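So the structure is just underneath, and the comments pick up after that.
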Amino acid sequence: MSNQQPVAEKDRHARGHDATHQAALARRRACESERTREARHQRLRRIGFGATIVAVLAIGGVLAFGDFFDRPAGEAGVIDVQSSMAGFTPSEIRVVAGSTVTLDWWTQDAAMHLEGGVHTMISPALGLDESLPAESRRTIAWTVPDKPGTYDVYCDSCCGGKESPTMHGTIVVEPAA
């Protein structure tokens, strides 16, 4: 019997060693699986965060510049002018001295954003002093002065008024041919 006992003890020791080895492998696989799961989770969080940033910027862009995406087309020979919280669009208008021009002036700004509920287009040197109610459109026939030059025009009822650099535009009066 003494010969068999050491064999049985060796088998038992080997089985114990195999069981310990198997348990260690199982723990290692579990840790690797957890690391893989955590890495996947981190990747998904980064993708989700990036998608959120893109969505917020896109929505902000549409809200900030939406007026420019769906600008109505003006009639032939009519100068289309938009007043908004960002100023005049176009920021420069070219006209011929002594001519009569038609401005199709419009805004989509709400009254609560405008002092007195209107935008203004003012240029004392050009004889312009016009008002435009919120969310409206109007046509202005204007006789351009005979003196060529570059003139400032401003809105004095919104976003800092005359003092705000964004609320200014330029009218260039070119010499008559």
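Residue numbering restarts at 1 for every chain of the structure tokens, chains are lettered A, B, ... in their displayed order, and ligands are numbered from 1 as they appear.
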Discussion item. Taking 2 positions as the minimum chain separation for residues in the same chain, which residues sit within 10 Å of A:Ala110 when counting only C-alpha atoms? Answer as a VMD selection string.
Written reply: chain A and resid 84 to 85 107 to 108 112 to 114 117 to 118 133 to 136
May I have the residues from that selection written out with C-alpha atoms, as a short mmCIF file (atom, residue, chain, number, x, y, z; two decimals), in the first residue's frame?
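That gives us out.cif:
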data_model
loop_
_atom_site.label_atom_id
_atom_site.label_comp_id
_atom_site.auth_asym_id
_atom_site.auth_seq_id
_atom_site.Cartn_x
_atom_site.Cartn_y
_atom_site.Cartn_z
CA SER A 84 -31.30 91.03 -38.23
CA MET A 85 -29.64 90.87 -34.86
CA THR A 107 -36.67 91.07 -41.05
CA GLN A 108 -37.63 87.90 -39.25
CA MET A 112 -39.18 91.45 -28.08
CA HIS A 113 -35.61 91.67 -29.43
CA LEU A 114 -36.04 95.17 -30.85
CA GLY A 117 -40.41 96.61 -31.83
CA VAL A 118 -38.66 97.95 -34.96
CA PRO A 133 -41.68 96.60 -37.73
CA ALA A 134 -40.63 93.20 -36.39
CA GLU A 135 -41.24 90.15 -38.60
CA SER A 136 -42.23 92.24 -41.61
#
Fill in: stretch 98-100 of chain A surroundings by only C-alpha atoms, 6 Å radius, close-in-sequence under 2 positions cut, as JSON, numbers by chain
{"A": [96, 142, 143, 144, 145, 146]}
May I have the selected residues written with N, CA and C atoms, as an mmCIF file, in the first residue's frame?
data_model
loop_
_atom_site.group_PDB
_atom_site.id
_atom_site.type_symbol
_atom_site.label_atom_id
_atom_site.label_comp_id
_atom_site.auth_asym_id
_atom_site.auth_seq_id
_atom_site.Cartn_x
_atom_site.Cartn_y
_atom_site.Cartn_z
ATOM 1 N N VAL A 96 -26.042 104.077 -57.847
ATOM 2 C CA VAL A 96 -25.535 105.127 -58.733
ATOM 3 C C VAL A 96 -26.094 106.474 -58.282
ATOM 4 N N TRP A 142 -36.154 105.009 -52.978
ATOM 5 C CA TRP A 142 -35.234 105.996 -52.427
ATOM 6 C C TRP A 142 -34.442 106.650 -53.549
ATOM 7 N N THR A 143 -34.409 107.981 -53.535
ATOM 8 C CA THR A 143 -33.629 108.731 -54.516
ATOM 9 C C THR A 143 -32.242 108.965 -53.930
ATOM 10 N N VAL A 144 -31.260 108.417 -54.608
ATOM 11 C CA VAL A 144 -29.877 108.484 -54.152
ATOM 12 C C VAL A 144 -29.347 109.908 -54.360
ATOM 13 N N PRO A 145 -28.660 110.477 -53.361
ATOM 14 C CA PRO A 145 -28.066 111.804 -53.542
ATOM 15 C C PRO A 145 -27.062 111.823 -54.701
ATOM 16 N N ASP A 146 -26.809 113.017 -55.220
ATOM 17 C CA ASP A 146 -25.901 113.172 -56.374
ATOM 18 C C ASP A 146 -24.423 113.086 -56.015
#
Practice prompt. State, in Å with one decimal place, the distance from atom CA of A:Thr150 to atom CA of A:Ile171.
Written response: 5.9 Å
Discussion item. Using Å and a single decimal, report how far atom CA of A:Pro90 sits from atom CA of A:Val173.
Written reply: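 So the two atoms, atom CA of A:Val173 and atom CA of A:Pro90, lie 15.1 Å apart.
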Item to complete: Figure out the distance between atom CA of A:Glu38 and atom CA of A:Ala55, please, to one decimal in Å.
Response: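 Computed distance, atom CA of A:Ala55 to atom CA of A:Glu38, equals 25.4 Å.
Compared by their closest atoms to A:Thr89, and using only C-alpha atoms, the residues A:Leu103, A:Gly77, A:Arg138, A:Thr52 rank with A:Leu103 nearest.
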Worksheet entry | Selected residue, from A:Cys158, A:Ala58, A:Ala177, A:Cys31, that lies nearest to A:Phe88 when counting only C-alpha atoms | A:Cys158
Discussion item. Please extract the residues of stretch 6-177 of chain A with a backbone DSSP assignment of strand (DSSP E) and present them as a PyMOL selection string.
Written reply: chain A and resi 78-84+87-89+92-96+100-106+118-123+128-133+137-143+149-154+168-174
